[in-house]
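Text of protein.cif (mmCIF, C-alpha atoms) as supplied:
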data_input
#
loop_
_atom_site.label_atom_id
_atom_site.label_comp_id
_atom_site.auth_asym_id
_atom_site.auth_seq_id
_atom_site.Cartn_x
_atom_site.Cartn_y
_atom_site.Cartn_z
CA MET A 1 90.99 105.90 85.37
CA SER A 2 94.52 105.58 86.65
CA ALA A 3 93.23 104.30 90.02
CA LEU A 4 91.32 101.54 88.23
CA TYR A 5 94.32 100.69 86.09
CA ALA A 6 96.53 100.58 89.19
CA VAL A 7 94.16 98.13 90.91
CA PHE A 8 93.81 96.01 87.76
CA ARG A 9 97.57 95.76 87.27
CA ARG A 10 98.26 94.95 90.90
CA GLU A 11 95.62 92.21 91.01
CA LEU A 12 97.00 90.68 87.85
CA ALA A 13 100.55 90.76 89.25
CA LEU A 14 99.33 89.17 92.50
CA ALA A 15 97.35 86.45 90.74
CA TRP A 16 100.33 85.42 88.63
CA SER A 17 102.96 85.75 91.34
CA ALA A 18 104.31 82.73 93.21
CA GLY A 19 101.59 81.57 95.59
CA GLY A 20 99.05 83.63 93.66
CA GLY A 21 95.57 82.38 92.98
CA ALA A 22 95.66 81.68 89.25
CA ILE A 23 97.42 78.35 88.96
CA ALA A 24 95.50 76.19 91.43
CA PRO A 25 91.99 76.62 89.95
CA VAL A 26 93.13 76.09 86.36
CA GLY A 27 95.10 73.04 87.49
CA PHE A 28 92.08 71.74 89.36
CA PHE A 29 89.88 72.19 86.29
CA LEU A 30 92.34 70.43 83.98
CA GLY A 31 92.90 67.64 86.47
CA ALA A 32 89.22 67.02 87.08
CA THR A 33 88.23 67.06 83.42
CA THR A 34 91.05 64.78 82.27
CA LEU A 35 90.53 62.28 85.11
CA LEU A 36 86.80 61.97 84.44
CA PRO A 37 87.11 59.99 81.19
CA LEU A 38 89.48 57.61 82.95
CA ALA A 39 86.94 57.06 85.70
CA ILE A 40 83.96 56.71 83.36
CA GLY A 41 85.73 54.40 80.93
CA ALA A 42 85.45 53.90 77.19
CA ASP A 43 81.70 54.39 76.88
CA HIS A 44 81.75 57.12 74.20
CA GLU A 45 78.02 57.77 74.26
CA LEU A 46 77.99 58.27 78.03
CA LEU A 47 81.06 60.55 77.87
CA ARG A 48 79.49 62.66 75.16
CA LYS A 49 76.33 63.15 77.23
CA ALA A 50 77.97 63.61 80.64
CA GLY A 51 80.93 65.64 79.36
CA PRO A 52 79.50 69.18 79.08
CA PRO A 53 77.74 69.15 82.46
CA LEU A 54 80.86 67.81 84.14
CA VAL A 55 83.04 70.45 82.49
CA TRP A 56 80.73 73.15 83.80
CA VAL A 57 80.59 71.72 87.31
CA ALA A 58 84.41 71.62 87.33
CA ALA A 59 84.55 75.23 86.07
CA ALA A 60 82.08 76.41 88.74
CA LEU A 61 84.06 74.72 91.52
CA ALA A 62 87.33 76.11 90.16
CA ALA A 63 85.81 79.61 90.19
CA LEU A 64 84.71 79.03 93.78
CA MET A 65 88.31 78.25 94.78
CA THR A 66 89.50 81.72 93.81
CA LEU A 67 86.99 83.64 95.89
CA GLU A 68 87.80 83.10 99.57
CA ARG A 69 90.90 85.29 99.74
CA LEU A 70 89.76 87.86 97.17
CA PHE A 71 88.73 90.55 99.67
CA GLN A 72 89.69 88.80 102.90
CA ALA A 73 93.38 89.33 102.22
CA ASP A 74 92.78 93.05 101.61
CA LEU A 75 90.73 93.36 104.79
CA GLU A 76 93.37 91.60 106.89
CA ASP A 77 96.48 93.36 105.60
CA GLY A 78 94.90 96.83 105.71
CA SER A 79 94.92 97.52 101.99
CA LEU A 80 91.11 97.56 101.77
CA GLU A 81 91.00 100.92 103.55
CA GLN A 82 93.27 102.44 100.93
CA LEU A 83 90.70 101.54 98.27
CA PHE A 84 88.19 103.83 100.02
CA LEU A 85 90.55 106.78 99.66
CA CYS A 86 90.76 106.91 95.88
CA ALA A 87 88.88 108.99 93.35
CA ALA A 88 87.22 106.05 91.59
CA PRO A 89 83.93 104.70 92.96
CA LEU A 90 84.35 101.51 94.99
CA GLU A 91 81.98 99.71 92.61
CA LEU A 92 84.40 100.26 89.72
CA ILE A 93 87.39 99.30 91.87
CA VAL A 94 85.62 96.01 92.64
CA LEU A 95 84.86 95.59 88.94
CA ALA A 96 88.54 96.15 88.14
CA LYS A 97 89.49 93.46 90.65
CA GLY A 98 86.95 91.11 89.07
CA ALA A 99 88.23 91.89 85.57
CA ALA A 100 91.79 91.09 86.63
CA LEU A 101 90.61 87.82 88.17
CA TRP A 102 88.79 86.96 84.96
CA LEU A 103 91.88 87.62 82.87
CA ALA A 104 94.15 85.74 85.29
CA VAL A 105 91.91 82.72 85.94
CA GLY A 106 88.81 82.86 83.72
CA VAL A 107 90.56 83.09 80.38
CA PRO A 108 93.22 80.38 81.05
CA LEU A 109 90.46 78.15 82.39
CA ALA A 110 88.33 78.72 79.28
CA LEU A 111 91.32 77.82 77.11
CA ALA A 112 91.82 74.70 79.21
CA GLY A 113 88.28 73.85 78.13
CA ALA A 114 89.70 72.79 74.75
CA PRO A 115 91.79 69.85 76.04
CA ALA A 116 88.96 69.05 78.45
CA ALA A 117 86.47 68.84 75.58
CA ILE A 118 88.81 66.59 73.62
CA ALA A 119 89.31 64.31 76.62
CA LEU A 120 85.54 64.07 77.00
CA GLN A 121 85.01 63.10 73.32
CA ALA A 122 83.23 66.32 72.30
CA PRO A 123 82.99 66.83 68.51
CA THR A 124 85.89 69.03 67.40
CA ALA A 125 83.48 71.49 65.77
CA LEU A 126 82.11 72.33 69.21
CA ILE A 127 85.46 73.17 70.82
CA PRO A 128 85.57 76.90 69.91
CA LEU A 129 82.01 77.29 71.21
CA THR A 130 82.95 75.48 74.43
CA VAL A 131 85.91 77.80 75.00
CA ALA A 132 83.84 80.92 74.25
CA SER A 133 80.99 79.85 76.50
CA LEU A 134 83.39 79.01 79.34
CA ALA A 135 84.97 82.47 79.04
CA VAL A 136 81.53 84.08 79.26
CA GLY A 137 80.47 81.72 82.05
CA MET A 138 83.59 82.46 84.11
CA ALA A 139 82.79 86.19 83.88
CA GLY A 140 79.36 85.38 85.29
CA PHE A 141 80.77 83.14 88.04
CA ILE A 142 83.18 85.88 89.07
CA GLY A 143 80.45 88.55 88.99
CA VAL A 144 78.34 86.47 91.40
CA GLY A 145 81.44 85.46 93.34
CA LEU A 146 82.45 89.06 94.08
CA VAL A 147 79.33 89.40 96.23
CA GLY A 148 79.98 86.19 98.16
CA ALA A 149 83.63 87.11 98.65
CA ALA A 150 82.75 90.60 99.90
CA VAL A 151 80.02 89.42 102.29
CA SER A 152 82.27 86.80 103.87
CA ALA A 153 85.51 88.82 103.84
CA GLY A 154 85.49 89.19 107.62
CA VAL A 155 84.65 85.55 108.31
CA ARG A 156 87.42 83.10 109.23
CA ARG A 157 87.33 80.07 106.97
CA GLY A 158 84.61 81.81 104.99
CA GLY A 159 84.77 79.35 102.11
CA VAL A 160 81.68 77.45 103.21
CA LEU A 161 79.71 80.66 103.58
CA ILE A 162 80.79 81.77 100.10
CA ALA A 163 79.66 78.45 98.65
CA LEU A 164 76.26 78.77 100.33
CA ILE A 165 75.83 82.31 99.02
CA VAL A 166 77.01 81.88 95.45
CA LEU A 167 76.14 78.31 94.42
CA PRO A 168 72.39 78.98 94.03
CA PHE A 169 73.23 81.88 91.72
CA PHE A 170 75.70 79.73 89.80
CA ALA A 171 72.80 77.46 88.81
CA PRO A 172 71.44 79.44 85.80
CA LEU A 173 74.96 79.89 84.41
CA LEU A 174 75.58 76.17 84.87
CA ILE A 175 72.32 75.17 83.20
CA PHE A 176 72.69 77.40 80.14
CA GLY A 177 76.44 76.79 79.95
CA ALA A 178 76.04 73.03 79.81
CA GLY A 179 73.22 73.53 77.29
CA VAL A 180 75.52 75.36 74.85
CA ALA A 181 77.18 72.07 73.87
CA ASP A 182 73.80 70.54 73.03
CA GLU A 183 73.69 70.53 69.24
CA VAL A 184 69.89 70.38 69.08
CA GLN A 185 69.34 73.80 70.69
CA ALA A 186 72.51 75.58 69.53
CA GLY A 187 72.40 79.37 69.82
CA GLY A 188 69.66 79.80 72.42
CA PRO A 189 71.53 78.66 75.52
CA PHE A 190 74.58 80.74 74.58
CA PHE A 191 72.52 83.93 74.48
CA LEU A 192 70.80 83.06 77.74
CA LEU A 193 74.21 82.32 79.28
CA SER A 194 75.53 85.66 78.06
CA GLY A 195 72.49 87.46 79.45
CA CYS A 196 72.90 85.88 82.88
CA ALA A 197 76.64 86.61 82.89
CA LEU A 198 76.05 90.23 81.91
CA GLY A 199 73.55 90.61 84.74
CA ALA A 200 76.03 89.13 87.22
CA VAL A 201 78.89 91.33 86.01
CA GLY A 202 76.67 94.43 86.19
CA LEU A 203 75.05 93.81 89.57
CA GLY A 204 77.84 91.92 91.35
CA PRO A 205 80.24 94.85 91.87
CA ILE A 206 77.44 97.10 93.16
CA LEU A 207 76.35 94.60 95.81
CA ALA A 208 79.95 93.67 96.65
CA ALA A 209 80.92 97.32 97.17
CA ALA A 210 77.97 97.80 99.54
CA ALA A 211 79.07 94.73 101.53
CA LEU A 212 82.68 95.97 101.70
CA ARG A 213 81.59 99.36 103.06
CA ILE A 214 79.80 97.55 105.88
CA GLN A 215 82.84 95.32 106.53
CA ALA A 216 85.09 98.35 106.96
CA GLY A 217 82.75 100.15 109.36
CA MET B 1 106.70 116.61 95.62
CA GLY B 2 105.64 120.23 95.24
CA GLY B 3 107.14 121.93 98.29
CA ASP B 4 105.67 125.37 97.62
CA HIS B 5 102.10 124.10 97.77
CA HIS B 6 100.33 125.51 100.80
CA PHE B 7 97.40 123.57 102.23
CA GLN B 8 94.36 125.33 103.60
CA ALA B 9 92.37 122.36 104.82
CA SER B 10 91.23 122.18 108.41
CA LEU B 11 88.80 120.08 110.37
CA SER B 12 86.81 120.19 113.53
CA VAL B 13 85.49 117.31 115.56
CA GLU B 14 82.18 118.33 117.11
CA ARG B 15 80.69 116.57 120.14
CA LEU B 16 81.73 113.22 118.80
CA THR B 17 80.56 110.04 120.52
CA LEU B 18 81.91 106.72 119.35
CA ALA B 19 80.75 103.23 120.24
CA ARG B 20 82.09 99.80 119.49
CA GLY B 21 79.16 97.42 119.44
CA GLN B 22 76.99 98.35 122.42
CA ARG B 23 79.86 99.88 124.41
CA THR B 24 80.44 103.62 124.30
CA LEU B 25 84.15 104.40 123.93
CA PHE B 26 84.01 108.13 124.72
CA SER B 27 81.42 110.84 124.37
CA ASN B 28 81.19 114.49 123.39
CA LEU B 29 84.76 114.88 122.19
CA SER B 30 85.41 118.20 120.48
CA PHE B 31 88.60 119.65 119.05
CA GLU B 32 89.78 121.65 116.08
CA ALA B 33 92.77 121.25 113.82
CA ALA B 34 93.77 124.31 111.80
CA PRO B 35 96.30 124.25 108.94
CA GLY B 36 99.69 123.30 110.37
CA ALA B 37 98.17 121.66 113.44
CA PHE B 38 99.60 118.51 115.00
CA VAL B 39 97.10 116.79 117.27
CA GLU B 40 98.28 113.94 119.46
CA LEU B 41 95.76 111.38 120.64
CA ARG B 42 96.81 109.65 123.84
CA GLY B 43 95.19 107.22 126.22
CA PRO B 44 95.30 103.61 127.38
CA ASN B 45 94.96 100.67 125.00
CA GLY B 46 91.41 100.11 123.83
CA VAL B 47 90.22 103.61 124.67
CA GLY B 48 89.31 104.25 121.03
CA LYS B 49 92.23 106.10 119.45
CA THR B 50 92.14 103.95 116.32
CA THR B 51 88.35 104.11 116.21
CA LEU B 52 88.52 107.91 116.37
CA LEU B 53 90.99 108.02 113.48
CA ARG B 54 88.75 105.68 111.48
CA ALA B 55 85.74 107.86 112.21
CA ILE B 56 87.60 110.97 111.03
CA ALA B 57 88.57 109.07 107.88
CA GLY B 58 84.89 108.29 107.31
CA PHE B 59 85.26 104.50 107.54
CA LEU B 60 82.71 104.28 110.32
CA ARG B 61 79.75 106.31 111.42
CA PRO B 62 79.85 107.99 114.82
CA ALA B 63 77.10 107.25 117.35
CA SER B 64 76.53 111.01 117.54
CA GLY B 65 78.31 114.25 116.68
CA ARG B 66 80.20 114.90 113.50
CA VAL B 67 83.51 115.68 111.86
CA ALA B 68 83.39 118.87 109.78
CA PHE B 69 85.97 119.73 107.16
CA ALA B 70 86.80 123.16 105.76
CA HIS B 71 88.46 123.83 102.39
CA ILE B 72 88.04 120.17 101.50
CA GLU B 73 85.67 119.02 98.78
CA GLU B 74 85.84 115.29 99.34
CA PRO B 75 87.42 114.19 102.65
CA ALA B 76 88.29 110.72 101.33
CA LEU B 77 90.49 112.31 98.67
CA ALA B 78 92.12 114.77 101.07
CA LEU B 79 93.48 112.37 103.67
CA HIS B 80 96.12 109.74 104.19
CA PHE B 81 95.37 106.94 106.61
CA LEU B 82 98.37 105.13 108.06
CA ALA B 83 97.02 102.18 110.03
CA HIS B 84 98.68 99.55 112.24
CA ARG B 85 98.83 97.24 109.30
CA ASP B 86 100.93 98.50 106.45
CA GLY B 87 98.74 97.14 103.65
CA LEU B 88 101.61 95.34 101.93
CA LYS B 89 101.35 92.37 99.59
CA ALA B 90 104.08 89.81 100.29
CA PRO B 91 105.00 88.95 96.66
CA LEU B 92 105.21 92.54 95.37
CA ASP B 93 108.38 94.61 95.66
CA ALA B 94 108.67 97.97 97.39
CA ARG B 95 108.66 99.98 94.17
CA ALA B 96 105.50 98.23 92.94
CA HIS B 97 103.78 99.23 96.17
CA VAL B 98 104.72 102.89 95.86
CA ARG B 99 103.71 102.98 92.18
CA PHE B 100 100.40 101.35 93.06
CA TRP B 101 99.70 103.95 95.76
CA ALA B 102 100.63 106.73 93.37
CA GLY B 103 98.14 105.43 90.82
CA LEU B 104 95.42 104.65 93.36
CA LEU B 105 95.68 107.84 95.41
CA GLY B 106 96.25 110.25 92.55
CA GLY B 107 99.97 110.84 92.92
CA ARG B 108 102.76 110.74 90.38
CA SER B 109 104.33 107.36 89.79
CA ASP B 110 107.57 109.01 88.59
CA ALA B 111 107.90 110.28 92.17
CA ALA B 112 108.10 106.67 93.41
CA ASP B 113 111.89 106.47 93.42
CA THR B 114 112.26 109.87 95.08
CA ALA B 115 109.85 108.78 97.80
CA LEU B 116 111.69 105.48 98.30
CA ALA B 117 115.00 107.30 98.56
CA ARG B 118 113.53 109.68 101.12
CA VAL B 119 112.40 106.85 103.40
CA GLY B 120 115.73 105.06 102.99
CA LEU B 121 114.52 102.09 100.97
CA HIS B 122 116.06 102.95 97.62
CA ALA B 123 118.65 100.16 97.83
CA ILE B 124 116.01 97.50 98.46
CA ALA B 125 113.31 98.81 96.12
CA ASP B 126 113.29 95.53 94.20
CA LEU B 127 112.89 93.23 97.20
CA PRO B 128 109.49 91.63 97.76
CA ALA B 129 107.60 92.89 100.80
CA ARG B 130 107.75 89.47 102.43
CA VAL B 131 111.45 89.90 103.24
CA LEU B 132 111.12 93.41 104.70
CA SER B 133 111.55 93.83 108.45
CA GLN B 134 108.77 95.43 110.46
CA GLY B 135 110.61 98.75 110.49
CA GLN B 136 111.27 98.63 106.76
CA ALA B 137 107.60 97.85 106.12
CA ARG B 138 106.68 100.89 108.19
CA ARG B 139 109.14 103.05 106.24
CA LEU B 140 107.49 101.80 103.05
CA SER B 141 104.14 102.94 104.42
CA LEU B 142 105.64 106.37 105.06
CA ALA B 143 106.49 106.57 101.36
CA ARG B 144 102.75 106.55 100.73
CA LEU B 145 102.48 109.92 102.48
CA LEU B 146 105.04 111.34 100.06
CA VAL B 147 103.91 109.92 96.75
CA ALA B 148 100.44 111.49 96.82
CA GLU B 149 100.00 115.00 98.20
CA ARG B 150 97.16 115.16 100.68
CA PRO B 151 96.60 117.81 103.33
CA LEU B 152 95.34 115.62 106.17
CA TRP B 153 97.46 112.84 107.67
CA LEU B 154 95.84 110.37 110.06
CA LEU B 155 98.59 108.28 111.65
CA ASP B 156 97.94 105.35 113.96
CA GLU B 157 101.03 104.80 116.11
CA PRO B 158 103.26 105.67 113.18
CA ALA B 159 106.53 105.11 115.06
CA SER B 160 105.89 101.44 115.87
CA GLY B 161 108.73 99.29 114.58
CA LEU B 162 110.89 102.26 113.56
CA ASP B 163 114.54 102.57 114.64
CA THR B 164 116.11 105.85 115.76
CA GLY B 165 116.73 106.95 112.19
CA GLY B 166 113.19 106.03 111.23
CA ARG B 167 111.76 108.07 114.08
CA ALA B 168 113.87 111.05 113.06
CA LEU B 169 112.60 110.64 109.50
CA LEU B 170 109.00 110.51 110.71
CA ALA B 171 109.53 113.66 112.80
CA ALA B 172 111.04 115.45 109.79
CA LEU B 173 108.15 114.40 107.54
CA ILE B 174 105.62 115.66 110.06
CA ASP B 175 107.49 118.98 110.42
CA GLU B 176 107.66 119.48 106.66
CA HIS B 177 104.02 118.61 106.20
CA ARG B 178 103.00 121.12 108.88
CA ALA B 179 105.24 123.77 107.36
CA ARG B 180 103.20 123.43 104.17
CA GLY B 181 99.99 123.90 106.12
CA GLY B 182 99.17 120.22 106.42
CA VAL B 183 97.27 118.77 109.37
CA VAL B 184 98.59 115.74 111.29
CA ILE B 185 96.48 113.77 113.73
CA ALA B 186 98.37 110.90 115.33
CA ALA B 187 97.58 108.27 117.94
CA VAL B 188 100.75 107.91 119.99
CA HIS B 189 102.16 106.28 123.11
CA ASP B 190 105.58 107.94 123.11
CA ASP B 191 106.52 111.40 121.91
CA LEU B 192 107.10 111.49 118.16
CA GLY B 193 109.51 114.41 118.38
CA PRO B 194 107.71 117.48 117.09
CA GLY B 195 105.78 119.22 119.86
CA PRO B 196 102.05 118.84 119.32
CA THR B 197 99.84 121.89 119.01
CA ARG B 198 97.28 119.95 120.97
CA ALA B 199 97.43 116.75 123.01
CA ILE B 200 94.15 115.00 123.66
CA GLU B 201 93.96 112.48 126.46
CA LEU B 202 91.14 110.08 125.72
CA THR B 203 89.46 108.62 128.78
CA PRO B 204 86.73 106.00 128.86
#

Rewrite the structure from the file as structure tokens, please.
Amino acid sequence: MSALYAVFRRELALAWSAGGGAIAPVGFFLGATTLLPLAIGADHELLRKAGPPLVWVAAALAALMTLERLFQADLEDGSLEQLFLCAAPLELIVLAKGAALWLAVGVPLALAGAPAAIALQAPTALIPLTVASLAVGMAGFIGVGLVGAAVSAGVRRGGVLIALIVLPFFAPLLIFGAGVADEVQAGGPFFLLSGCALGAVGLGPILAAAALRIQAG
Amino acid sequence: MGGDHHFQASLSVERLTLARGQRTLFSNLSFEAAPGAFVELRGPNGVGKTTLLRAIAGFLRPASGRVAFAHIEEPALALHFLAHRDGLKAPLDARAHVRFWAGLLGGRSDAADTALARVGLHAIADLPARVLSQGQARRLSLARLLVAERPLWLLDEPASGLDTGGRALLAALIDEHRARGGVVIAAVHDDLGPGPTRAIELTP
């Protein structure tokens, strides 16, 4: 337990430190979602329809931004090996890293979904649901992303490879996430989104740990 | 740091053959390391000293042969691996590193300051790793050996970057560890100070 807590705390400290990975993706998400209405113009009906999908595309791309250095930095500076020498299973260590990333990036980004929804003319009643679904969706994105980040940890400029690996698996989260804001089918998409995210969070660390063991060998 | 603790762990490398890609580095290497042993690995660059240490640590699978441990339940929890790279994160300070290692490797985080003082970094415990010199970074790595008690030390050119005082410190740490029954296996180019119980010259 203390090994997992140590990893979780360190990742959180790194993400929030100067030059850490938390600020850029949240900034990107806020920037993209507040610029969109300016680009689209004053067509309220169009904004209302295009808003949720665009928010989710921005969230998916912001999640992608955090992944490239997630394990690569550990592999390069030699701290990955230390993770093999602790009492906790590597799968749980990876999960702890993912949980820290979610808290450092996923939660702030979900909260940034509120101003984004307002900028995109979403009904105010939908804002809490948007924030909740983004928080769940970010957990799913990170779960999938752990695998892509682990597989490409040894690849220079591995960002493109990560995108190729994870974007197809982002699709279900994106589809159900954007569907949550659709008043006609409220409820259903949120549960489907949660199911997909849970699957990603459960399977992602197992596959990522397997990939990391190969990277170290 | 529990000075009265006496380690019993030992290991033997049995007919080990290691390969990197398709190329065989060396074959049929055998040696034993009893409690208190200090094994030096020597040989030209690229001969496979680091690869051998990594194989003993269990990070990679040998092409043939095996590494057998005695009085050790789980090798990964019984060894320290000090690699070329110190595993430091630029924004975090020295104390945060030692506390992290204590938590990760099953040591005591209240021993962090004692360990930092021992390696001579107490005065700069609050400085981020990015401003540490190469020798200071190496000293910080040495603190990892102190903060979690483990019987088997695998050291990959541990003296690189260290000044005279640092080398004396390293020699003292190795002596103390051996006195407690610990095993040290180190890849070296120059003598570390303590006389090895066994020097192995790796040849291609």

Output as a Markdown table one row per residue of chain A within 12 Å of chain B: the closest atom pair and its distance in Å to one decimal place, counting only C-alpha atoms, sorted by chain and residue number ascending.
| residue | atom | partner | partner_atom | distance |
| --- | --- | --- | --- | --- |
| A:Met1 | CA | B:Gly103 | CA | 9.0 |
| A:Ser2 | CA | B:Gly103 | CA | 5.5 |
| A:Ala3 | CA | B:Leu104 | CA | 4.0 |
| A:Leu4 | CA | B:Leu104 | CA | 7.3 |
| A:Tyr5 | CA | B:Gly103 | CA | 7.7 |
| A:Ala6 | CA | B:Gly103 | CA | 5.4 |
| A:Val7 | CA | B:Leu104 | CA | 7.1 |
| A:Phe8 | CA | B:Phe100 | CA | 10.0 |
| A:Arg9 | CA | B:Phe100 | CA | 8.5 |
| A:Arg10 | CA | B:Phe100 | CA | 7.1 |
| A:Glu11 | CA | B:Lys89 | CA | 10.3 |
| A:Leu12 | CA | B:Leu92 | CA | 11.3 |
| A:Ala13 | CA | B:Leu92 | CA | 7.9 |
| A:Leu14 | CA | B:Pro91 | CA | 7.0 |
| A:Ala15 | CA | B:Pro91 | CA | 10.0 |
| A:Trp16 | CA | B:Pro91 | CA | 9.9 |
| A:Ser17 | CA | B:Pro91 | CA | 6.5 |
| A:Ala18 | CA | B:Pro91 | CA | 7.1 |
| A:Gly19 | CA | B:Pro91 | CA | 8.2 |
| A:Gly20 | CA | B:Pro91 | CA | 8.5 |
| A:Ala73 | CA | B:Lys89 | CA | 8.9 |
| A:Asp74 | CA | B:Gly87 | CA | 7.5 |
| A:Leu75 | CA | B:Gly87 | CA | 8.9 |
| A:Glu76 | CA | B:Arg85 | CA | 8.2 |
| A:Asp77 | CA | B:Gly87 | CA | 4.8 |
| A:Gly78 | CA | B:Gly87 | CA | 4.4 |
| A:Ser79 | CA | B:Gly87 | CA | 4.2 |
| A:Leu80 | CA | B:Gly87 | CA | 7.9 |
| A:Glu81 | CA | B:Phe59 | CA | 7.9 |
| A:Gln82 | CA | B:Phe81 | CA | 7.5 |
| A:Leu83 | CA | B:Leu104 | CA | 7.5 |
| A:Phe84 | CA | B:Ala76 | CA | 7.0 |
| A:Leu85 | CA | B:Ala76 | CA | 4.8 |
| A:Cys86 | CA | B:Leu105 | CA | 5.0 |
| A:Ala87 | CA | B:Leu77 | CA | 6.5 |
| A:Ala88 | CA | B:Leu104 | CA | 8.5 |
| A:Pro89 | CA | B:Ala76 | CA | 11.2 |
| A:Leu90 | CA | B:Leu104 | CA | 11.6 |
| A:Ile93 | CA | B:Leu104 | CA | 9.8 |
| A:Leu212 | CA | B:Phe59 | CA | 10.7 |
| A:Arg213 | CA | B:Phe59 | CA | 7.7 |
| A:Ile214 | CA | B:Leu60 | CA | 8.6 |
| A:Gln215 | CA | B:Phe59 | CA | 9.5 |
| A:Ala216 | CA | B:Phe59 | CA | 6.2 |
| A:Gly217 | CA | B:Leu60 | CA | 4.2 |

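Take the PyMOL selection byres ((chain A and resi 47) around 12) and apply it to this file: it picks Thr33, Thr34, Leu36, Pro37, Leu38, Ala39, Ile40, Gly41, Ala42, Asp43, His44, Glu45, Leu46, Arg48, Lys49, Ala50, Gly51, Pro52, Pro53, Leu54, Val55, Ala116, Ala117, Ile118, Ala119, Leu120, Gln121, Ala122 and Pro123 of chain A.
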
### Query
Hey, what comes out of the PyMOL selection byres ((chain A and resi 152) around 12) on this file? Could you write it as a ChimeraX atom specification?
/A:67-73,75,145-151,153-166,208,211-212,214-215

### Message
Expand the PyMOL selection byres ((chain B and resi 134) around 12) into the explicit residue set it covers here, and present it as a PyMOL selection string.
### Response
chain B and resi 84-86+88+129-133+135-141+158-163+166

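With atom CA of B:Ala19 on one side and atom CA of B:Ile56 on the other, the separation reads 13.8 Å.
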
### Query
Which distance in Å separates atom CA of A:Phe176 and atom CA of A:Ala58, to one decimal?
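According to the coordinates, atom CA of A:Phe176 and atom CA of A:Ala58 are separated by 14.9 Å.
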
### Query
To one decimal place, how far is atom CA of B:Glu157 from atom CA of B:Leu53 in Å?
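Separating atom CA of B:Glu157 from atom CA of B:Leu53 is a distance of 10.9 Å.
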
### Task
Show which residues sit within 7 Å of A:Ala104, as number ranges by chain. Count all atoms listed in the file, and ignore same-chain residues fewer than 3 positions away.
A: 12, 15, 22, 100-101, 107-108

### Message
Please determine, counting only C-alpha atoms, which residue among B:Gly65, B:Gly165, B:Gly46, B:Gly181 has the shortest atom-to-atom distance to B:Ser27.
### Response
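Going through B:Gly65, B:Gly165, B:Gly46, B:Gly181 one by one, the smallest distance to B:Ser27 is for B:Gly65.
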
#### Entry: Point (99.0, 122.7, 122.1), cut-off 12 Å, counting all atoms listed in the file, residues as a PyMOL selection string
chain B and resi 31-34+36-41+194-200

With the input short on atoms, add N, CA and C atoms back to stretch 78-89 of chain B and write it as a PDB file, keeping the file's coordinate frame.
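And here is the file that came out, rebuild.pdb:
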ATOM      1  N   ALA B  78      91.245 113.760 100.480  1.00  0.00           N
ATOM      2  CA  ALA B  78      92.120 114.770 101.070  1.00  0.00           C
ATOM      3  C   ALA B  78      92.947 114.183 102.209  1.00  0.00           C
ATOM      4  N   LEU B  79      92.784 112.898 102.494  1.00  0.00           N
ATOM      5  CA  LEU B  79      93.480 112.370 103.670  1.00  0.00           C
ATOM      6  C   LEU B  79      94.300 111.125 103.347  1.00  0.00           C
ATOM      7  N   HIS B  80      95.339 110.966 104.159  1.00  0.00           N
ATOM      8  CA  HIS B  80      96.120 109.740 104.190  1.00  0.00           C
ATOM      9  C   HIS B  80      95.810 109.024 105.483  1.00  0.00           C
ATOM     10  N   PHE B  81      95.636 107.718 105.412  1.00  0.00           N
ATOM     11  CA  PHE B  81      95.370 106.940 106.610  1.00  0.00           C
ATOM     12  C   PHE B  81      96.468 105.895 106.762  1.00  0.00           C
ATOM     13  N   LEU B  82      97.267 106.063 107.803  1.00  0.00           N
ATOM     14  CA  LEU B  82      98.370 105.130 108.060  1.00  0.00           C
ATOM     15  C   LEU B  82      97.963 104.264 109.247  1.00  0.00           C
ATOM     16  N   ALA B  83      97.551 103.031 108.976  1.00  0.00           N
ATOM     17  CA  ALA B  83      97.020 102.180 110.030  1.00  0.00           C
ATOM     18  C   ALA B  83      98.126 101.328 110.661  1.00  0.00           C
ATOM     19  N   HIS B  84      97.748 100.520 111.651  1.00  0.00           N
ATOM     20  CA  HIS B  84      98.680  99.550 112.240  1.00  0.00           C
ATOM     21  C   HIS B  84      99.282  98.675 111.173  1.00  0.00           C
ATOM     22  N   ARG B  85      98.391  98.168 110.339  1.00  0.00           N
ATOM     23  CA  ARG B  85      98.830  97.240 109.300  1.00  0.00           C
ATOM     24  C   ARG B  85      99.229  98.050 108.080  1.00  0.00           C
ATOM     25  N   ASP B  86     100.329  97.656 107.481  1.00  0.00           N
ATOM     26  CA  ASP B  86     100.930  98.500 106.450  1.00  0.00           C
ATOM     27  C   ASP B  86     100.278  98.332 105.078  1.00  0.00           C
ATOM     28  N   GLY B  87      99.403  97.331 104.927  1.00  0.00           N
ATOM     29  CA  GLY B  87      98.740  97.140 103.650  1.00  0.00           C
ATOM     30  C   GLY B  87      99.679  96.687 102.545  1.00  0.00           C
ATOM     31  N   LEU B  88     100.634  95.816 102.918  1.00  0.00           N
ATOM     32  CA  LEU B  88     101.610  95.340 101.930  1.00  0.00           C
ATOM     33  C   LEU B  88     101.225  93.957 101.436  1.00  0.00           C
ATOM     34  N   LYS B  89     101.578  93.690 100.179  1.00  0.00           N
ATOM     35  CA  LYS B  89     101.350  92.370  99.590  1.00  0.00           C
ATOM     36  C   LYS B  89     102.692  91.656  99.486  1.00  0.00           C
TER      37      LYS B  89
END
